[in-house]
Amino acid sequence: MDRNLPSAQTVTGRAAFLKLLSAEGITHLFGNPGTTELPIMDALSHHPQIEYVLGLQEAVVVAMADGYARASNRLAAANVHVAPGLGNAMGSLFNAKFYGSPVLVTAGQQEQGHGLTEPMLYDPLVPIATPLVKWAVEVTRVQDLPRIVHRAAKVATTPPTGPVFISLPGDILDAEAPLDIGKPTRVQTDVRPSDAALEQLAERLLAANNPVLIAGHELATRDALKEAAELAEVLGAPVYQQTVAYAAHFPSEHPAFLGALTRNQQQVRSALAPHDLLVCLGADVLRMSVHSLVDPLPERMPVVQIGERDWELGKNYPAEIAIGACVRETLRALLPILRRKMSAGRKTQAAQRLVEIAKNNWTAKRERLAKDMLAVAGAKPLDPRWLMMTIADALPKDAVVVEEGLTSTFSLQSFLRFRDAQGFYGLASGGIGFAMAGAVGISVALPNRPVVAIVGDGSAMYSIQALWTAANLKRPITYVICDNRSYRILKERLVSMRGTEKFVGMDLRDPEIDFVALSQSMGVPAKRISDAQDVVPALRSAIASGVPNLLDISVADGFGG
């Protein structure tokens, strides 16, 4: 970049940094400031186009930015404090990596030269961040700041999207130089396969007698639910959601939808066994949790994959056809070819298969489960399955659900209607701590939709500080704490995997956590609920208030308490 161009103006590094963020479309900077961030905090008063969103700990800060990136499908920015702050943020950075959230994470660093003396809080930041980001760099010349920020934004937003990291030494932020702020680059990746590849794909799909589709993450990020539903209808193929629900990957009430695949290898193998072709649409392919000697993919099952994350293509299972392209554009180009190639008889067969699928689809299963819940409707403590059904039925249609309840929310996907690609956000990585703070970022990105975060009591304590930010911003978020007073998932796995009920370090009872008092102390009105008849009125009242609320709902712990 030629710094002698007329557009180059003398500017400080701190002012240039904020101008660069603004040029990249950043409107909110999620942060927790420290001494090394003071130049940025000083400059923010002169840049009102960027709103600073204060989080009370760095894990919360990055999780809020992660939520904002997920819901807006745009670049988000988070600023943390030197080595300990970046260390605090690493769990949330892990979550952002798995979702593929384009988050630009920056950290203030000790001045160059001063860092060489190893002052308090100093450690090299780039090696800390590197394992969990697409690109990590430290700015060593203020003249390089525009190139670095624009490159980082381009890298973060180019599929496969993900977080990036920039270390900002204090002397860089205070330096002055004639700088051309430049302009953003966005790589156009809305690409479809070649005509030949599409013809081959169509022939392979039509050659299958009983194909099955897995709806994956990229259907949500590319807003391709409609196209995936059309493919299911054309082929007369059943659809499962991928094993880890990052988001809403398929419309629940579609006749072809059978629900989510579990992460039980034997169950998945049995579900897939009747089919002769597995078609993965922007999906993780049978990502599991705990080890099993049983492989979830039936023997000799052919696999077809379409997606932008090249690492996922053929990662664990060879793909007979692997197409690296935008899943939405691929389906839009593929559907007319399939319709043209299908005979009248094949179209009739596909329609008949849809009728058969509908007899045991998600809607049919939901109706049966709802009837089963009548038997536990009066249980006390509340049965979490009944609670999930009750919450799902009470939500307004435009509600956005953020889920991190593990065992308490296990049945949520069996009751919650996925209507659009922004209606649900789940725990992508398996690392808890996202939902409390992520809900704040999601609400900032979707200001006109009520957000309901359903969180386990153990998970809530990983980022409980987010309540303060929710109150500070007055966001319409209803937190539902499923309070089973324990780490129930660990108890269940200890019993099933180790055959013992000697639970060490798995109870939250002595003392019990007072979520009502904790919430109120951070400015969020809260209510404790233990009776079934109080759930719906409290939930509807909280959502209607248009401000943050917390409902601490006592649910059964699964072990008699």
# chains A, B, ... in the order shown; residues from 1 in each chain; ligands from 1

call {"tool": "residues_around", "arguments": {"residues": "region 533-540 of chain A", "least_positions_apart": "2", "cutoff": "8 Å", "atoms": "only C-alpha atoms", "output": "PyMOL selection string"}}
result
chain A and resi 390-391+394-395+478+529-531+542-544+551

call {"tool": "write_last_selection", "arguments": {"atoms": "N, CA, C and O atoms", "output": "short mmCIF file (atom, residue, chain, number, x, y, z; two decimals), in the first residue's frame"}}
result
data_model
loop_
_atom_site.label_atom_id
_atom_site.label_comp_id
_atom_site.auth_asym_id
_atom_site.auth_seq_id
_atom_site.Cartn_x
_atom_site.Cartn_y
_atom_site.Cartn_z
N THR A 390 -43.35 -27.85 27.40
CA THR A 390 -44.15 -26.71 27.86
C THR A 390 -43.54 -25.40 27.39
O THR A 390 -44.26 -24.49 26.93
N ILE A 391 -42.24 -25.27 27.49
CA ILE A 391 -41.57 -24.06 27.02
C ILE A 391 -41.76 -23.91 25.51
O ILE A 391 -42.09 -22.82 25.02
N ALA A 394 -45.09 -22.62 24.60
CA ALA A 394 -45.43 -21.28 25.10
C ALA A 394 -44.68 -20.16 24.38
O ALA A 394 -45.03 -18.99 24.53
N LEU A 395 -43.69 -20.49 23.59
CA LEU A 395 -42.86 -19.47 22.95
C LEU A 395 -43.59 -18.77 21.82
O LEU A 395 -44.32 -19.40 21.06
N THR A 478 -34.77 -13.77 28.10
CA THR A 478 -35.28 -14.53 29.23
C THR A 478 -34.37 -15.74 29.45
O THR A 478 -34.25 -16.59 28.57
N ILE A 529 -39.14 -21.04 40.47
CA ILE A 529 -40.35 -21.78 40.11
C ILE A 529 -40.15 -23.26 40.42
O ILE A 529 -39.15 -23.86 40.01
N SER A 530 -41.11 -23.82 41.12
CA SER A 530 -41.07 -25.25 41.42
C SER A 530 -42.38 -25.96 41.09
O SER A 530 -42.43 -27.19 41.06
N ASP A 531 -43.45 -25.19 40.82
CA ASP A 531 -44.76 -25.77 40.51
C ASP A 531 -45.05 -25.66 39.02
O ASP A 531 -44.82 -24.60 38.40
N ALA A 542 -42.25 -12.86 31.40
CA ALA A 542 -40.85 -12.46 31.24
C ALA A 542 -40.56 -12.02 29.81
O ALA A 542 -39.92 -10.99 29.57
N ILE A 543 -41.05 -12.79 28.84
CA ILE A 543 -40.82 -12.44 27.43
C ILE A 543 -41.52 -11.14 27.09
O ILE A 543 -40.97 -10.27 26.41
N ALA A 544 -42.75 -10.97 27.57
CA ALA A 544 -43.54 -9.77 27.24
C ALA A 544 -42.94 -8.51 27.85
O ALA A 544 -43.19 -7.40 27.34
N LEU A 551 -35.59 -17.05 35.13
CA LEU A 551 -36.46 -18.01 35.79
C LEU A 551 -35.62 -19.19 36.24
O LEU A 551 -35.03 -19.89 35.42
#

call {"tool": "select_by_dssp", "arguments": {"residues": "region 263-341 of chain A", "states": "alpha helix (DSSP H)", "output": "list in words"}}
result
Gln265, Gln266, Gln267, Val268, Arg269, Ser270, Ala271, Leu272, Val327, Arg328, Glu329, Thr330, Leu331, Arg332, Ala333, Leu334, Leu335, Pro336, Ile337, Leu338, Arg339, Arg340 and Lys341 of chain A

call {"tool": "closest_atom_pairs", "arguments": {"of": "region 132-184 of chain A", "to": "region 23-27 of chain A", "cutoff": "8 Å", "atoms": "only C-alpha atoms", "output": "tab-separated table"}}
result
residue	atom	partner	partner_atom	distance
A:His150	CA	A:Glu24	CA	7.4
A:Ala153	CA	A:Glu24	CA	7.2
A:Lys183	CA	A:Ala23	CA	6.6
A:Pro184	CA	A:Glu24	CA	5.8

call {"tool": "write_last_selection", "arguments": {"atoms": "N, CA and C atoms", "output": "PDB file, in the first residue's frame"}}
result
ATOM      1  N   HIS A 150      -7.372  -5.500   7.617  1.00  0.00           N
ATOM      2  CA  HIS A 150      -8.151  -5.907   6.441  1.00  0.00           C
ATOM      3  C   HIS A 150      -7.905  -7.376   6.091  1.00  0.00           C
ATOM      4  N   ALA A 153      -9.792  -9.567   8.654  1.00  0.00           N
ATOM      5  CA  ALA A 153     -11.235  -9.590   8.388  1.00  0.00           C
ATOM      6  C   ALA A 153     -11.547 -10.472   7.184  1.00  0.00           C
ATOM      7  N   LYS A 183      -9.786  -0.257   2.062  1.00  0.00           N
ATOM      8  CA  LYS A 183     -11.142  -0.787   1.985  1.00  0.00           C
ATOM      9  C   LYS A 183     -11.139  -2.293   2.249  1.00  0.00           C
ATOM     10  N   PRO A 184     -12.292  -2.814   2.691  1.00  0.00           N
ATOM     11  CA  PRO A 184     -12.385  -4.254   2.966  1.00  0.00           C
ATOM     12  C   PRO A 184     -12.353  -5.091   1.693  1.00  0.00           C
TER      13      PRO A 184
END

call {"tool": "residues_around", "arguments": {"residues": "region 159-161 of chain A", "least_positions_apart": "2", "cutoff": "7 Å", "atoms": "only C-alpha atoms", "output": "list of chain:residue names"}}
result
A:Gly100, A:Ser101, A:Pro102, A:Ala156, A:Thr157, A:Glu308, A:Arg309

call {"tool": "residues_around", "arguments": {"residues": "region 203-217 of chain A", "least_positions_apart": "3", "cutoff": "9 Å", "atoms": "only C-alpha atoms", "output": "ChimeraX atom specification"}}
result
/A:99,198-200,220-222,225,228,232,235-250,260-261,272,274-285,304,321,338,341-342,346

call {"tool": "write_last_selection", "arguments": {"atoms": "N, CA and C atoms", "output": "compact mmCIF listing (two decimals), in the first residue's frame"}}
result
# COMPACT_ATOMS: atom_id res chain seq x y z
N TYR A 99 -17.97 -23.49 15.70
CA TYR A 99 -19.12 -22.98 14.96
C TYR A 99 -18.68 -22.37 13.63
N LEU A 198 -22.40 -31.51 -11.57
CA LEU A 198 -23.83 -31.53 -11.24
C LEU A 198 -24.55 -32.69 -11.92
N GLU A 199 -24.19 -32.96 -13.16
CA GLU A 199 -24.79 -34.10 -13.87
C GLU A 199 -24.43 -35.41 -13.18
N GLN A 200 -23.17 -35.53 -12.80
CA GLN A 200 -22.73 -36.75 -12.11
C GLN A 200 -23.46 -36.91 -10.78
N ALA A 220 -27.74 -23.74 7.66
CA ALA A 220 -28.14 -22.60 8.47
C ALA A 220 -27.33 -21.36 8.11
N THR A 221 -26.00 -21.49 8.04
CA THR A 221 -25.18 -20.31 7.78
C THR A 221 -25.40 -19.76 6.37
N ARG A 222 -25.81 -20.63 5.45
CA ARG A 222 -26.10 -20.19 4.08
C ARG A 222 -27.58 -19.97 3.84
N LEU A 225 -32.33 -23.63 4.06
CA LEU A 225 -33.32 -24.60 4.53
C LEU A 225 -34.35 -24.89 3.45
N ALA A 228 -32.87 -27.27 0.82
CA ALA A 228 -32.74 -28.62 1.34
C ALA A 228 -34.09 -29.32 1.41
N ALA A 232 -35.34 -32.87 -0.51
CA ALA A 232 -36.01 -33.99 0.15
C ALA A 232 -37.31 -34.34 -0.56
N LEU A 235 -36.56 -36.01 -4.12
CA LEU A 235 -36.05 -37.38 -4.01
C LEU A 235 -36.99 -38.29 -3.23
N GLY A 236 -37.89 -37.71 -2.44
CA GLY A 236 -38.69 -38.53 -1.54
C GLY A 236 -37.81 -39.16 -0.49
N ALA A 237 -36.87 -38.37 0.05
CA ALA A 237 -35.86 -38.89 0.97
C ALA A 237 -36.09 -38.37 2.38
N PRO A 238 -35.92 -39.20 3.39
CA PRO A 238 -36.00 -38.73 4.77
C PRO A 238 -34.78 -37.88 5.13
N VAL A 239 -34.97 -37.00 6.11
CA VAL A 239 -33.91 -36.08 6.53
C VAL A 239 -33.68 -36.19 8.03
N TYR A 240 -32.42 -36.34 8.41
CA TYR A 240 -32.01 -36.22 9.80
C TYR A 240 -31.16 -34.96 9.97
N GLN A 241 -31.26 -34.34 11.14
CA GLN A 241 -30.33 -33.27 11.45
C GLN A 241 -29.02 -33.90 11.92
N GLN A 242 -27.90 -33.23 11.65
CA GLN A 242 -26.61 -33.76 12.06
C GLN A 242 -26.57 -33.97 13.56
N THR A 243 -25.61 -34.77 14.02
CA THR A 243 -25.61 -35.23 15.42
C THR A 243 -25.41 -34.11 16.43
N VAL A 244 -24.74 -33.03 16.06
CA VAL A 244 -24.54 -31.89 16.96
C VAL A 244 -25.30 -30.71 16.36
N ALA A 245 -26.28 -30.21 17.09
CA ALA A 245 -27.15 -29.16 16.57
C ALA A 245 -26.52 -27.79 16.82
N TYR A 246 -25.71 -27.33 15.86
CA TYR A 246 -25.14 -25.99 15.98
C TYR A 246 -26.24 -24.93 15.91
N ALA A 247 -27.23 -25.18 15.07
CA ALA A 247 -28.29 -24.20 14.80
C ALA A 247 -29.51 -24.96 14.28
N ALA A 248 -30.45 -24.23 13.69
CA ALA A 248 -31.62 -24.86 13.06
C ALA A 248 -31.26 -25.22 11.64
N HIS A 249 -31.10 -26.50 11.37
CA HIS A 249 -30.58 -26.94 10.09
C HIS A 249 -31.64 -27.40 9.10
N PHE A 250 -32.87 -27.54 9.56
CA PHE A 250 -33.94 -28.01 8.68
C PHE A 250 -35.28 -27.68 9.34
N ALA A 260 -33.31 -35.24 14.88
CA ALA A 260 -31.85 -35.24 14.96
C ALA A 260 -31.32 -36.65 15.19
N LEU A 261 -30.20 -36.94 14.55
CA LEU A 261 -29.48 -38.16 14.89
C LEU A 261 -28.89 -38.02 16.30
N LEU A 272 -29.53 -45.64 10.04
CA LEU A 272 -29.04 -45.49 8.67
C LEU A 272 -29.04 -46.80 7.89
N PRO A 274 -31.19 -49.04 6.83
CA PRO A 274 -32.10 -49.34 5.71
C PRO A 274 -31.78 -48.60 4.41
N HIS A 275 -30.87 -47.66 4.43
CA HIS A 275 -30.65 -46.79 3.28
C HIS A 275 -29.45 -47.24 2.46
N ASP A 276 -29.44 -46.82 1.19
CA ASP A 276 -28.36 -47.24 0.31
C ASP A 276 -27.48 -46.08 -0.16
N LEU A 277 -27.73 -44.87 0.38
CA LEU A 277 -26.86 -43.73 0.07
C LEU A 277 -27.04 -42.67 1.15
N LEU A 278 -25.92 -42.19 1.70
CA LEU A 278 -25.94 -41.14 2.71
C LEU A 278 -25.50 -39.83 2.04
N VAL A 279 -26.38 -38.84 2.05
CA VAL A 279 -26.10 -37.55 1.41
C VAL A 279 -25.98 -36.49 2.50
N CYS A 280 -24.80 -35.92 2.63
CA CYS A 280 -24.52 -34.96 3.70
C CYS A 280 -24.51 -33.55 3.13
N LEU A 281 -25.41 -32.71 3.60
CA LEU A 281 -25.58 -31.35 3.10
C LEU A 281 -24.95 -30.37 4.07
N GLY A 282 -23.71 -29.97 3.81
CA GLY A 282 -23.02 -29.03 4.68
C GLY A 282 -22.89 -29.51 6.11
N ALA A 283 -22.75 -30.81 6.29
CA ALA A 283 -22.85 -31.41 7.62
C ALA A 283 -21.53 -31.95 8.12
N ASP A 284 -21.41 -31.97 9.46
CA ASP A 284 -20.40 -32.83 10.09
C ASP A 284 -20.89 -34.26 9.90
N VAL A 285 -20.01 -35.14 9.53
CA VAL A 285 -20.44 -36.51 9.20
C VAL A 285 -20.32 -37.39 10.43
N VAL A 304 -22.10 -39.28 -0.07
CA VAL A 304 -21.96 -38.10 -0.92
C VAL A 304 -21.95 -36.88 -0.01
N ILE A 321 -18.63 -39.10 -3.81
CA ILE A 321 -18.62 -37.79 -4.48
C ILE A 321 -18.47 -36.74 -3.38
N LEU A 338 -32.36 -32.52 -11.52
CA LEU A 338 -33.05 -33.70 -11.01
C LEU A 338 -34.47 -33.78 -11.56
N LYS A 341 -34.44 -34.93 -15.16
CA LYS A 341 -34.03 -36.31 -15.38
C LYS A 341 -35.03 -37.34 -14.85
N MET A 342 -35.89 -36.94 -13.94
CA MET A 342 -36.79 -37.91 -13.32
C MET A 342 -37.98 -38.21 -14.23
N ARG A 346 -40.72 -42.15 -11.48
CA ARG A 346 -39.83 -41.83 -10.36
C ARG A 346 -40.44 -40.74 -9.48

call {"tool": "closest_residue", "arguments": {"among": "A:Ala43, A:Val191, A:Ile166, A:Ile128", "to": "Ile306 (chain A)", "atoms": "only C-alpha atoms"}}
result
A:Val191

call {"tool": "closest_residue", "arguments": {"among": "A:Ser92, A:Thr36, A:Gln305, A:Thr10", "to": "Gly115 (chain A)", "atoms": "only C-alpha atoms"}}
result
A:Thr36

call {"tool": "residues_around", "arguments": {"residues": "Ala466 (chain A)", "least_positions_apart": "3", "cutoff": "6 Å", "atoms": "only C-alpha atoms", "output": "list in words"}}
result
Met436, Ala437, Ser463 and Thr469 of chain A

call {"tool": "write_last_selection", "arguments": {"atoms": "C-alpha atoms", "output": "PDB file, in the first residue's frame"}}
result
ATOM      1  CA  MET A 436     -25.399 -17.059  28.954  1.00  0.00           C
ATOM      2  CA  ALA A 437     -23.105 -14.643  27.131  1.00  0.00           C
ATOM      3  CA  SER A 463     -20.479 -17.279  32.367  1.00  0.00           C
ATOM      4  CA  THR A 469     -24.272  -6.991  30.473  1.00  0.00           C
TER       5      THR A 469
END

call {"tool": "closest_residue", "arguments": {"among": "A:Val402, A:Leu86, A:Val80, A:Ala421", "to": "Phe434 (chain A)", "atoms": "only C-alpha atoms"}}
result
A:Val402

call {"tool": "atom_distance", "arguments": {"atom1": "CA of Gly324 (chain A)", "atom2": "CA of Ala65 (chain A)"}}
result
28.0 Å

call {"tool": "closest_residue", "arguments": {"among": "A:Ser252, A:Gln352, A:Asn316, A:Asn549", "to": "Ser519 (chain A)", "atoms": "only C-alpha atoms"}}
result
A:Asn549

call {"tool": "decode", "arguments": {"residues": "region 85-147 of chain A", "atoms": "C-alpha atoms", "output": "mmCIF file, in the first residue's frame"}}
result
data_model
loop_
_atom_site.group_PDB
_atom_site.id
_atom_site.type_symbol
_atom_site.label_atom_id
_atom_site.label_comp_id
_atom_site.auth_asym_id
_atom_site.auth_seq_id
_atom_site.Cartn_x
_atom_site.Cartn_y
_atom_site.Cartn_z
ATOM 1 C CA GLY A 85 -7.205 -12.189 29.462
ATOM 2 C CA LEU A 86 -6.512 -14.128 26.297
ATOM 3 C CA GLY A 87 -6.118 -17.216 28.445
ATOM 4 C CA ASN A 88 -9.527 -16.569 30.003
ATOM 5 C CA ALA A 89 -11.004 -16.293 26.520
ATOM 6 C CA MET A 90 -9.617 -19.554 25.127
ATOM 7 C CA GLY A 91 -12.634 -21.714 26.012
ATOM 8 C CA SER A 92 -14.939 -19.307 24.208
ATOM 9 C CA LEU A 93 -12.494 -19.128 21.312
ATOM 10 C CA PHE A 94 -12.742 -22.929 21.103
ATOM 11 C CA ASN A 95 -16.527 -22.616 20.784
ATOM 12 C CA ALA A 96 -16.217 -19.953 18.082
ATOM 13 C CA LYS A 97 -13.776 -22.126 16.157
ATOM 14 C CA PHE A 98 -16.167 -25.073 16.058
ATOM 15 C CA TYR A 99 -19.121 -22.975 14.960
ATOM 16 C CA GLY A 100 -16.982 -21.139 12.425
ATOM 17 C CA SER A 101 -17.804 -17.699 13.805
ATOM 18 C CA PRO A 102 -15.933 -14.859 12.052
ATOM 19 C CA VAL A 103 -14.695 -13.082 15.176
ATOM 20 C CA LEU A 104 -11.778 -10.626 15.121
ATOM 21 C CA VAL A 105 -10.170 -10.979 18.558
ATOM 22 C CA THR A 106 -7.615 -8.367 19.591
ATOM 23 C CA ALA A 107 -5.593 -7.959 22.759
ATOM 24 C CA GLY A 108 -3.545 -5.090 24.042
ATOM 25 C CA GLN A 109 0.112 -5.998 24.544
ATOM 26 C CA GLN A 110 2.982 -4.427 26.438
ATOM 27 C CA GLU A 111 5.046 -1.980 24.402
ATOM 28 C CA GLN A 112 7.675 -3.531 22.166
ATOM 29 C CA GLY A 113 10.997 -3.479 23.966
ATOM 30 C CA HIS A 114 9.250 -3.219 27.329
ATOM 31 C CA GLY A 115 7.888 -6.687 26.697
ATOM 32 C CA LEU A 116 11.450 -7.914 26.383
ATOM 33 C CA THR A 117 11.921 -7.151 30.089
ATOM 34 C CA GLU A 118 8.999 -9.510 30.869
ATOM 35 C CA PRO A 119 6.885 -7.053 32.898
ATOM 36 C CA MET A 120 3.760 -8.071 34.776
ATOM 37 C CA LEU A 121 1.070 -9.718 32.619
ATOM 38 C CA TYR A 122 3.451 -10.198 29.681
ATOM 39 C CA ASP A 123 3.684 -13.312 27.555
ATOM 40 C CA PRO A 124 3.864 -13.711 23.771
ATOM 41 C CA LEU A 125 0.228 -13.661 22.649
ATOM 42 C CA VAL A 126 0.418 -15.100 19.147
ATOM 43 C CA PRO A 127 1.492 -18.602 20.293
ATOM 44 C CA ILE A 128 -1.364 -18.661 22.821
ATOM 45 C CA ALA A 129 -4.028 -17.862 20.238
ATOM 46 C CA THR A 130 -2.640 -19.786 17.272
ATOM 47 C CA PRO A 131 -4.160 -23.261 17.909
ATOM 48 C CA LEU A 132 -7.746 -21.943 17.879
ATOM 49 C CA VAL A 133 -7.738 -19.298 15.140
ATOM 50 C CA LYS A 134 -7.334 -19.177 11.375
ATOM 51 C CA TRP A 135 -4.600 -16.537 11.588
ATOM 52 C CA ALA A 136 -2.715 -14.880 14.446
ATOM 53 C CA VAL A 137 -0.305 -11.959 14.157
ATOM 54 C CA GLU A 138 1.289 -9.159 16.165
ATOM 55 C CA VAL A 139 1.530 -5.669 14.690
ATOM 56 C CA THR A 140 5.160 -4.511 14.746
ATOM 57 C CA ARG A 141 4.808 -1.308 12.666
ATOM 58 C CA VAL A 142 1.907 1.098 12.730
ATOM 59 C CA GLN A 143 2.250 1.342 8.944
ATOM 60 C CA ASP A 144 1.175 -2.314 8.715
ATOM 61 C CA LEU A 145 -2.026 -1.875 10.739
ATOM 62 C CA PRO A 146 -4.403 -1.320 7.756
ATOM 63 C CA ARG A 147 -3.052 -4.294 5.849
#
